[in-house]
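Data file: target.txt. Format and content: compact mmCIF, C-alpha atoms (C1' of nucleotides).
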```txt
# COMPACT_ATOMS: atom_id res chain seq x y z
CA MET S 1 -62.01 -36.72 36.27
CA VAL S 2 -63.87 -39.43 38.01
CA PRO S 3 -66.00 -37.77 40.72
CA GLY S 4 -67.06 -40.88 42.71
CA PHE S 5 -63.63 -42.47 42.71
CA LEU S 6 -62.55 -41.48 46.24
CA SER S 7 -65.77 -42.52 47.99
CA LYS S 8 -65.94 -45.84 46.19
CA ASN S 9 -62.37 -46.99 47.06
CA LYS S 10 -62.05 -45.32 50.49
CA HIS S 11 -61.05 -48.43 52.36
CA ILE S 12 -58.53 -49.60 49.84
CA ILE S 13 -56.85 -46.23 49.72
CA LEU S 14 -56.75 -45.91 53.46
CA TYR S 15 -55.13 -49.30 53.71
CA GLY S 16 -52.54 -48.47 51.10
CA VAL S 17 -51.67 -45.17 52.72
CA SER S 18 -51.36 -46.75 56.13
CA LEU S 19 -49.05 -49.38 54.73
CA ALA S 20 -46.93 -46.78 53.05
CA VAL S 21 -46.64 -44.69 56.20
CA LEU S 22 -45.68 -47.74 58.20
CA LEU S 23 -43.02 -48.73 55.74
CA PHE S 24 -41.76 -45.17 55.73
CA LEU S 25 -41.52 -45.14 59.52
CA LEU S 26 -39.68 -48.43 59.54
CA LYS S 27 -37.20 -47.16 57.03
CA TRP S 28 -36.77 -43.97 58.95
CA LEU S 29 -36.11 -45.84 62.16
CA GLU S 30 -33.64 -48.06 60.35
CA LEU S 31 -31.86 -45.00 59.05
CA ARG S 32 -31.78 -43.50 62.53
CA LEU S 33 -30.21 -46.70 63.89
CA VAL S 34 -27.60 -46.56 61.18
CA ILE S 35 -26.95 -42.96 61.99
CA ILE S 36 -26.68 -43.70 65.67
CA ASP S 37 -24.41 -46.66 65.09
CA HIS S 38 -22.10 -44.73 62.84
CA ALA S 39 -22.54 -41.30 64.31
CA PHE S 40 -18.82 -40.58 64.55
CA GLU S 41 -18.02 -41.64 61.02
CA LEU S 42 -20.95 -39.69 59.62
CA TYR S 43 -19.95 -36.64 61.61
CA VAL S 44 -16.43 -36.82 60.35
CA GLY S 45 -17.69 -37.43 56.82
CA ALA S 46 -19.98 -34.44 57.05
CA ILE S 47 -17.09 -32.35 58.32
CA ALA S 48 -14.94 -33.63 55.47
CA VAL S 49 -17.56 -32.80 52.86
CA LEU S 50 -18.28 -29.39 54.36
CA PHE S 51 -14.66 -28.38 54.59
CA THR S 52 -13.94 -29.74 51.18
CA LEU S 53 -16.68 -27.48 49.88
CA LEU S 54 -15.24 -24.66 51.99
CA GLY S 55 -11.83 -25.29 50.45
CA ILE S 56 -13.29 -25.26 46.95
CA TRP S 57 -15.16 -22.05 47.71
CA LEU S 58 -12.08 -20.46 49.20
CA ALA S 59 -9.95 -21.45 46.27
CA LEU S 60 -12.42 -20.16 43.72
CA ARG S 61 -13.02 -17.02 45.70
CA LEU S 62 -9.55 -16.04 46.72
CA SER S 63 -7.41 -17.38 43.93
CA ARG S 64 -6.45 -14.37 41.92
CA PRO S 65 -7.42 -14.88 38.33
CA LYS S 66 -4.50 -15.68 36.14
CA VAL S 67 -3.91 -12.65 34.07
CA ARG S 68 -2.67 -13.45 30.68
CA THR S 69 -1.30 -10.37 29.09
CA ILE S 70 -1.43 -10.56 25.35
CA VAL S 71 0.65 -7.99 23.63
CA VAL S 72 -0.77 -7.23 20.26
CA GLU S 73 1.66 -5.43 18.06
CA LYS S 74 -0.31 -2.84 16.23
CA GLU S 75 1.39 -1.59 13.16
CA VAL S 76 1.44 2.13 12.90
CA LEU S 77 2.66 3.68 9.75
CA VAL S 78 4.97 6.50 10.54
CA GLN S 79 6.18 9.01 8.09
CA PRO S 80 9.90 9.16 8.68
CA GLN S 81 9.95 11.76 5.96
CA GLY S 82 9.11 15.14 7.45
CA ASN S 83 12.06 16.45 5.47
CA GLY S 84 14.16 14.11 7.54
CA PHE S 85 17.45 14.37 5.76
CA GLU S 86 20.68 14.12 7.58
CA LEU S 87 23.82 14.93 5.72
CA ASN S 88 26.24 12.06 5.90
CA GLU S 89 29.31 13.89 7.12
CA LYS S 90 31.40 10.75 7.28
CA GLU S 91 31.03 9.90 3.62
CA LEU S 92 31.54 13.51 2.76
CA ALA S 93 34.81 13.54 4.67
CA ARG S 94 35.84 10.16 3.32
CA LEU S 95 35.41 11.32 -0.25
CA ALA S 96 37.02 14.68 0.59
CA ILE S 97 34.27 16.62 -1.15
CA SER S 98 34.55 20.38 -0.64
CA ASN S 99 31.69 22.75 0.06
CA ARG S 100 31.62 24.17 -3.42
CA GLU S 101 31.68 20.75 -4.97
CA LEU S 102 28.75 19.72 -2.81
CA GLU S 103 26.83 22.77 -3.96
CA VAL S 104 27.48 21.86 -7.54
CA LEU S 105 26.40 18.28 -6.88
CA GLN S 106 23.16 19.45 -5.34
CA LEU S 107 22.30 21.68 -8.28
CA MET S 108 23.31 18.87 -10.60
CA ALA S 109 20.81 16.64 -8.80
CA GLU S 110 18.10 19.19 -9.50
CA GLY S 111 18.65 18.64 -13.18
CA LEU S 112 20.48 21.84 -13.98
CA SER S 113 23.02 21.98 -16.81
CA ASN S 114 26.55 23.11 -16.20
CA GLN S 115 25.69 26.45 -17.80
CA GLU S 116 22.72 26.93 -15.46
CA ILE S 117 24.77 25.93 -12.43
CA ALA S 118 27.42 28.45 -13.44
CA ALA S 119 24.76 31.17 -13.71
CA ARG S 120 23.27 30.16 -10.36
CA LEU S 121 26.62 30.33 -8.59
CA PHE S 122 27.87 33.40 -10.49
CA VAL S 123 30.92 31.67 -11.86
CA SER S 124 32.04 30.64 -15.30
CA LEU S 125 31.19 27.44 -17.11
CA SER S 126 34.82 26.40 -16.92
CA THR S 127 34.72 26.48 -13.13
CA ILE S 128 31.69 24.24 -13.02
CA LYS S 129 33.33 21.85 -15.42
CA THR S 130 36.35 21.70 -13.17
CA HIS S 131 34.18 21.03 -10.14
CA THR S 132 32.20 18.33 -11.87
CA SER S 133 35.36 16.64 -13.10
CA ARG S 134 36.81 16.64 -9.61
CA LEU S 135 33.52 15.34 -8.24
CA PHE S 136 33.39 12.47 -10.70
CA GLU S 137 36.97 11.63 -9.87
CA LYS S 138 36.38 11.69 -6.12
CA MET S 139 33.14 9.78 -6.31
CA ASP S 140 34.58 7.35 -8.80
CA VAL S 141 31.84 7.77 -11.38
CA LYS S 142 31.81 8.64 -15.05
CA ARG S 143 28.62 10.64 -15.56
CA ARG S 144 26.57 13.24 -13.73
CA THR S 145 23.62 10.86 -13.53
CA GLN S 146 25.79 8.34 -11.74
CA ALA S 147 27.09 11.06 -9.45
CA VAL S 148 23.53 11.99 -8.48
CA GLU S 149 22.67 8.33 -7.93
CA MET S 150 25.73 7.79 -5.77
CA GLY S 151 25.12 11.02 -3.88
CA LYS S 152 21.58 10.00 -3.00
CA ARG S 153 22.67 6.51 -2.05
CA LEU S 154 25.40 7.83 0.27
CA HIS S 155 23.00 10.42 1.73
CA ILE S 156 25.18 13.25 0.57
CA ILE S 157 22.21 14.87 -1.16
CA PRO S 158 18.49 14.59 -0.33
CA MET V 159 36.05 -15.45 67.44
CA VAL V 160 36.95 -16.08 70.99
CA PRO V 161 38.77 -19.44 71.03
CA GLY V 162 38.69 -20.09 74.75
CA PHE V 163 35.06 -19.13 75.16
CA LEU V 164 33.64 -22.69 75.35
CA SER V 165 36.13 -24.05 77.88
CA LYS V 166 35.94 -21.03 80.12
CA ASN V 167 32.13 -21.02 80.45
CA LYS V 168 31.63 -24.80 80.30
CA HIS V 169 29.64 -25.06 83.49
CA ILE V 170 27.41 -22.16 82.76
CA ILE V 171 26.60 -23.45 79.31
CA LEU V 172 25.91 -26.94 80.59
CA TYR V 173 23.53 -25.56 83.18
CA GLY V 174 21.71 -23.43 80.64
CA VAL V 175 21.32 -26.29 78.21
CA SER V 176 20.02 -28.58 80.94
CA LEU V 177 17.46 -26.03 81.96
CA ALA V 178 16.35 -25.56 78.40
CA VAL V 179 15.94 -29.32 77.85
CA LEU V 180 13.95 -29.63 81.03
CA LEU V 181 11.64 -26.83 80.09
CA PHE V 182 11.19 -28.34 76.64
CA LEU V 183 10.27 -31.73 78.14
CA LEU V 184 7.75 -30.10 80.44
CA LYS V 185 6.16 -28.24 77.60
CA TRP V 186 6.05 -31.39 75.52
CA LEU V 187 4.34 -33.34 78.26
CA GLU V 188 1.87 -30.54 78.71
CA LEU V 189 1.19 -30.61 75.00
CA ARG V 190 0.63 -34.35 75.13
CA LEU V 191 -1.89 -33.95 77.90
CA VAL V 192 -3.70 -31.34 75.88
CA ILE V 193 -3.72 -33.62 72.92
CA ILE V 194 -5.09 -36.52 74.92
CA ASP V 195 -7.72 -34.38 76.55
CA HIS V 196 -8.95 -32.94 73.29
CA ALA V 197 -8.26 -35.85 70.98
CA PHE V 198 -11.66 -35.75 69.29
CA GLU V 199 -11.63 -32.03 68.59
CA LEU V 200 -8.11 -32.21 67.29
CA TYR V 201 -9.02 -35.11 65.05
CA VAL V 202 -11.96 -33.27 63.63
CA GLY V 203 -9.85 -30.14 63.25
CA ALA V 204 -7.21 -32.08 61.40
CA ILE V 205 -9.88 -33.57 59.16
CA ALA V 206 -11.26 -30.11 58.55
CA VAL V 207 -7.87 -28.69 57.67
CA LEU V 208 -6.98 -31.64 55.45
CA PHE V 209 -10.23 -31.59 53.54
CA THR V 210 -10.13 -27.85 53.24
CA LEU V 211 -6.74 -28.25 51.64
CA LEU V 212 -8.16 -31.05 49.48
CA GLY V 213 -10.97 -28.75 48.41
CA ILE V 214 -8.54 -26.00 47.57
CA TRP V 215 -6.39 -28.43 45.65
CA LEU V 216 -9.40 -29.82 43.79
CA ALA V 217 -10.66 -26.37 42.95
CA LEU V 218 -7.30 -25.18 41.70
CA ARG V 219 -6.75 -28.40 39.82
CA LEU V 220 -10.08 -28.98 38.18
CA SER V 221 -11.53 -25.53 37.76
CA ARG V 222 -10.50 -24.06 34.50
CA PRO V 223 -8.18 -21.16 35.30
CA LYS V 224 -9.79 -17.80 35.24
CA VAL V 225 -7.96 -16.05 32.50
CA ARG V 226 -8.37 -12.40 32.18
CA THR V 227 -6.92 -11.48 28.85
CA ILE V 228 -5.46 -8.03 28.71
CA VAL V 229 -4.71 -6.86 25.24
CA VAL V 230 -2.01 -4.28 25.16
CA GLU V 231 -1.61 -2.56 21.87
CA LYS V 232 2.02 -1.96 21.27
CA GLU V 233 2.74 0.50 18.56
CA VAL V 234 5.40 -0.69 16.20
CA LEU V 235 7.05 1.71 13.89
CA VAL V 236 6.90 0.39 10.41
CA GLN V 237 9.27 1.60 7.84
CA PRO V 238 7.35 2.12 4.65
CA GLN V 239 10.74 1.81 3.09
CA GLY V 240 11.35 -1.94 2.73
CA ASN V 241 11.41 -1.64 -1.03
CA GLY V 242 7.92 -0.29 -0.77
CA PHE V 243 7.60 1.12 -4.21
CA GLU V 244 4.31 1.34 -5.97
CA LEU V 245 4.34 2.35 -9.57
CA ASN V 246 2.16 5.33 -10.14
CA GLU V 247 0.02 4.02 -12.96
CA LYS V 248 -2.03 7.18 -13.14
CA GLU V 249 0.88 9.46 -13.86
CA LEU V 250 2.22 6.92 -16.27
CA ALA V 251 -1.06 6.90 -18.14
CA ARG V 252 -1.41 10.66 -17.95
CA LEU V 253 1.98 11.17 -19.54
CA ALA V 254 1.30 8.35 -22.03
CA ILE V 255 4.68 6.76 -21.39
CA SER V 256 5.07 3.39 -23.11
CA ASN V 257 6.67 0.30 -21.60
CA ARG V 258 9.84 0.64 -23.56
CA GLU V 259 10.19 4.28 -22.66
CA LEU V 260 9.77 3.40 -19.00
CA GLU V 261 12.51 0.80 -19.30
CA VAL V 262 14.81 3.37 -20.80
CA LEU V 263 13.93 5.84 -18.05
CA GLN V 264 14.74 3.28 -15.37
CA LEU V 265 18.12 2.47 -16.84
CA MET V 266 18.74 6.19 -17.28
CA ALA V 267 18.06 6.62 -13.56
CA GLU V 268 20.72 4.04 -12.83
CA GLY V 269 23.25 6.30 -14.45
CA LEU V 270 23.74 4.40 -17.68
CA SER V 271 24.72 6.20 -20.85
CA ASN V 272 22.61 5.92 -23.97
CA GLN V 273 25.18 3.54 -25.42
CA GLU V 274 25.01 1.31 -22.36
CA ILE V 275 21.22 1.35 -22.36
CA ALA V 276 21.24 0.36 -26.04
CA ALA V 277 23.56 -2.55 -25.24
CA ARG V 278 21.42 -3.60 -22.28
CA LEU V 279 18.23 -3.62 -24.36
CA PHE V 280 19.87 -5.09 -27.49
CA VAL V 281 18.90 -2.17 -29.68
CA SER V 282 20.81 0.56 -31.43
CA LEU V 283 21.93 3.89 -30.03
CA SER V 284 19.55 5.63 -32.40
CA THR V 285 16.59 3.84 -30.87
CA ILE V 286 17.56 4.93 -27.40
CA LYS V 287 17.99 8.48 -28.55
CA THR V 288 14.52 8.38 -30.03
CA HIS V 289 13.09 7.03 -26.81
CA THR V 290 14.85 9.61 -24.69
CA SER V 291 13.70 12.42 -26.93
CA ARG V 292 10.10 11.24 -26.72
CA LEU V 293 10.46 10.87 -22.96
CA PHE V 294 11.77 14.40 -22.53
CA GLU V 295 8.96 15.67 -24.71
CA LYS V 296 6.26 13.77 -22.80
CA MET V 297 7.67 14.63 -19.38
CA ASP V 298 8.27 18.20 -20.43
CA VAL V 299 11.93 18.27 -19.45
CA LYS V 300 15.11 19.14 -21.27
CA ARG V 301 17.75 16.83 -19.80
CA ARG V 302 18.07 13.26 -18.60
CA THR V 303 18.88 14.43 -15.08
CA GLN V 304 15.62 16.36 -14.98
CA ALA V 305 13.78 13.34 -16.36
CA VAL V 306 15.15 11.19 -13.56
CA GLU V 307 14.25 13.84 -10.99
CA MET V 308 10.72 14.13 -12.35
CA GLY V 309 10.36 10.35 -12.57
CA LYS V 310 11.29 9.90 -8.92
CA ARG V 311 9.04 12.76 -7.87
CA LEU V 312 6.06 11.30 -9.73
CA HIS V 313 6.81 7.80 -8.40
CA ILE V 314 7.30 6.48 -11.88
CA ILE V 315 10.70 5.06 -10.94
CA PRO V 316 11.95 3.89 -7.49
C1' DC B 317 54.46 34.25 6.90
C1' DC B 318 54.12 30.30 4.13
C1' DC B 319 52.05 26.19 2.39
C1' DA B 320 48.39 23.28 1.07
C1' DA B 321 43.95 23.14 -0.27
C1' DA B 322 40.12 25.35 -2.32
C1' DT B 323 38.30 28.15 -5.85
C1' DT B 324 38.47 30.29 -9.99
C1' DC B 325 39.24 30.62 -15.09
C1' DA B 326 40.87 29.45 -19.93
C1' DT B 327 41.77 26.66 -24.12
C1' DG B 328 41.47 22.72 -27.01
C1' DC B 329 39.76 18.47 -27.85
C1' DT B 330 36.73 14.18 -27.74
C1' DA B 331 32.65 11.86 -26.36
C1' DA B 332 28.08 11.92 -25.31
C1' DA B 333 23.67 13.97 -25.29
C1' DG B 334 20.03 15.95 -27.54
C1' DT B 335 17.26 17.68 -31.91
C1' DA B 336 15.19 17.11 -36.36
C1' DT B 337 13.56 14.42 -39.91
C1' DG B 338 12.40 10.46 -42.35
C1' DA B 339 11.36 5.69 -42.77
C1' DA B 340 10.42 0.65 -42.07
C1' DC B 341 7.83 -2.97 -39.61
C1' DG B 342 4.30 -5.38 -36.94
C1' DG B 343 0.17 -5.86 -34.01
C1' DG B 344 -4.36 -4.69 -32.84
C1' DG B 345 -8.63 -2.20 -33.30
C1' DA B 346 -12.29 0.34 -36.19
C1' DT U 347 -8.39 -4.04 -44.94
C1' DC U 348 -6.54 0.20 -43.39
C1' DC U 349 -4.73 3.05 -39.98
C1' DC U 350 -2.76 4.19 -35.51
C1' DC U 351 0.73 3.34 -32.30
C1' DG U 352 4.75 1.47 -30.56
C1' DT U 353 9.18 0.16 -31.79
C1' DT U 354 12.97 0.16 -34.44
C1' DC U 355 16.78 2.38 -37.17
C1' DA U 356 19.43 5.89 -39.81
C1' DT U 357 21.58 10.35 -40.95
C1' DA U 358 22.96 14.92 -40.11
C1' DC U 359 23.54 18.50 -37.10
C1' DT U 360 23.93 21.35 -32.67
C1' DT U 361 24.64 21.49 -27.94
C1' DT U 362 26.34 19.85 -23.74
C1' DA U 363 29.28 17.02 -21.05
C1' DG U 364 33.53 15.53 -19.85
C1' DC U 365 38.87 15.24 -20.07
C1' DA U 366 43.48 17.18 -19.96
C1' DT U 367 46.35 20.75 -18.85
C1' DG U 368 47.87 24.87 -17.06
C1' DA U 369 47.50 28.77 -14.21
C1' DA U 370 45.92 32.74 -11.14
C1' DT U 371 43.74 33.90 -6.77
C1' DT U 372 41.96 33.17 -2.23
C1' DT U 373 41.87 31.12 2.27
C1' DG U 374 42.66 28.69 6.54
C1' DG U 375 45.93 26.77 9.70
C1' DG U 376 50.64 25.64 11.55
```

Could the structure of this file be written out as structure tokens, please?
Amino acid sequence: MVPGFLSKNKHIILYGVSLAVLLFLLKWLELRLVIIDHAFELYVGAIAVLFTLLGIWLALRLSRPKVRTIVVEKEVLVQPQGNGFELNEKELARLAISNRELEVLQLMAEGLSNQEIAARLFVSLSTIKTHTSRLFEKMDVKRRTQAVEMGKRLHIIP
Amino acid sequence: MVPGFLSKNKHIILYGVSLAVLLFLLKWLELRLVIIDHAFELYVGAIAVLFTLLGIWLALRLSRPKVRTIVVEKEVLVQPQGNGFELNEKELARLAISNRELEVLQLMAEGLSNQEIAARLFVSLSTIKTHTSRLFEKMDVKRRTQAVEMGKRLHIIP
DNA sequence: CCCAAATTCATGCTAAAGTATGAACGGGGA
DNA sequence: TCCCCGTTCATACTTTAGCATGAATTTGGG
């Protein structure tokens, strides 16, 4: 920036630098004296600092990370259907419903009339009427619709 | 176990114990000499150990714990049952079933007679008969049991 | 072999369901 | 305003469901 600056102030700069170096040396010597005077304490302090750092390093290095296991419940819709119908034998036994009566109940649940059920089972209409009456009595209902309802609710029919 | 064991071997035991104490004292003195001889090293070593422990303690205390989060997806079976009934609006619209007719169909599915449905809805038996007839016509069935069956199958009723 | 239960069938009757037809009323959209 | 649709009701009739009762036949187990 200023080309002739160094040559013009050579003496002043030299003096300043010399002074600075001298002051630096004095300070350095002072520091050395302090170090020499308190060599033991400084040594111990250095050891303390170093081994503290070592301890920190060891801890960070060797401490196994805390594993926090988070269980996320993932909802999975499952079709329990798959024609999963189990006949409730207990209710069937409790109500004392016979095989034939169960057959009639099943056909009834399909929406067949007594006449159609009779044709399906190769018996007369009277027989079906008897069966249905007994069914209603055993199941404690008054109508075929109620019988079907009850049957489904008790898992007697699908 | 053996009651007279102590009294019988009193002298032997006394001798053994004396020997052991003597040996222990010797060892202790030896240890003291070692300690005195190497006092500085031991001091520094103790400092090192202590500050290492301090470092470890500081690290464990102040460093935020490394948390490795493991997400485990646990499949949970969900019953789509839980009163999960969605009315099938499409089928309802396709069959052009009115609100009132749907009400009648629902009560029919509960096993009520026409008379009971009429009482429940505060209308006459004739009205219910009209509704049921229209229902059977629209659903293309012949009996109430079939209507209920069809309704459940088409998800029009629960 | 015998008995109880299950299955079958019939007859007569009542109640309920279902069909057919007509009509009145009210709300909302063309 | 008029008309369509939903809702309501009635009457008359047919069909089906359900009840009561009795009885014949079969069947499985003690």

key: S:Val148 environment, 9 Å, only C-alpha atoms (C1' of nucleotides), sequence neighbours closer than 6 positions dropped, as a ChimeraX atom specification   = /S:105-106,108-109,157 /V:269,303

ask   = Can you tell me, as a ChimeraX atom specification, which residues sit within 10 Å of (44.2, 21.0, -17.0) in the file's frame, using only C-alpha atoms (C1' of nucleotides)?
value = /S:130 /B:326-327 /U:365-369

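Taking atom CA of V:Leu250 as the reference point, atom C1' of U:DT353 is found at 18.3 Å.
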
query = Between B:DT337, B:DT324, B:DT330, B:DG342, which is the closest to chain S once you count all atoms listed in the file?
reply =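 Among the listed residues, the smallest separation from chain S belongs to B:DT324.
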
ask   = What is the distance, in Å and to one decimal place, between atom CA of V:Leu253 and atom CA of V:Lys296?
value =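 Pair atom CA of V:Leu253 / atom CA of V:Lys296 returns 6.0 Å.
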
request  = Return as a list in words the residues belonging to chain V that are within 9 Å of chain U, counting only C-alpha atoms (C1' of nucleotides).
outcome  = Ser256, Arg258, Val281, Ser282, Leu283, Ser284 and Thr285 of chain V

query = Which of these, S:Leu112, S:Pro158, S:Lys90, S:Ser133, has the shortest distance to chain V once you count all atoms listed in the file?
reply =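 Going through S:Leu112, S:Pro158, S:Lys90, S:Ser133 one by one, the smallest distance to chain V is for S:Leu112.
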
ask   = How many Å separate atom CA of V:Thr210 from atom CA of S:Tyr43?
value =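 If I compute the distance from atom CA of V:Thr210 to atom CA of S:Tyr43, I get 15.6 Å.
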
key: Interface residues on chain B facing chain S, 12 Å, only C-alpha atoms (C1' of nucleotides), written as JSON, numbers by chain   = {"B": [321, 322, 323, 324, 325, 326, 327, 331, 332, 333]}

ask   = Which one is closest to chain S: V:Leu293, V:Val175, V:Leu265, V:Leu212? Count all atoms listed in the file.
value =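 Answer, going by the shortest atom-to-atom distance: V:Leu212.
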
inquiry  = Restricting the calculation to only C-alpha atoms: of V:Val262, V:Ile275, V:Leu211, V:Leu312, which residue gets closest to chain S?
reply    =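 Among the listed residues, V:Leu211 lies closest to chain S.
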
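Comparing the minimum interatomic distances between chain V and each of S:Leu29, S:Leu121, S:Ala96, S:Ile56, counting all atoms listed in the file, we find that S:Ile56 sits nearest.
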
request  = Fewer than 5 positions away in the same chain doesn't count, so skip those; otherwise give me all residues within 8 Å of V:Ile205, counting all atoms listed in the file, as a list in words.
outcome  = Val44, Ile47 and Ala48 of chain S

key: V:Lys287, V:Leu180, V:Glu307, V:His313 ranked by distance to B:DG334, top pick (using only C-alpha atoms (C1' of nucleotides))   =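 Checking each of V:Lys287, V:Leu180, V:Glu307, V:His313 against B:DG334, counting only C-alpha atoms (C1' of nucleotides), the winner is V:Lys287.
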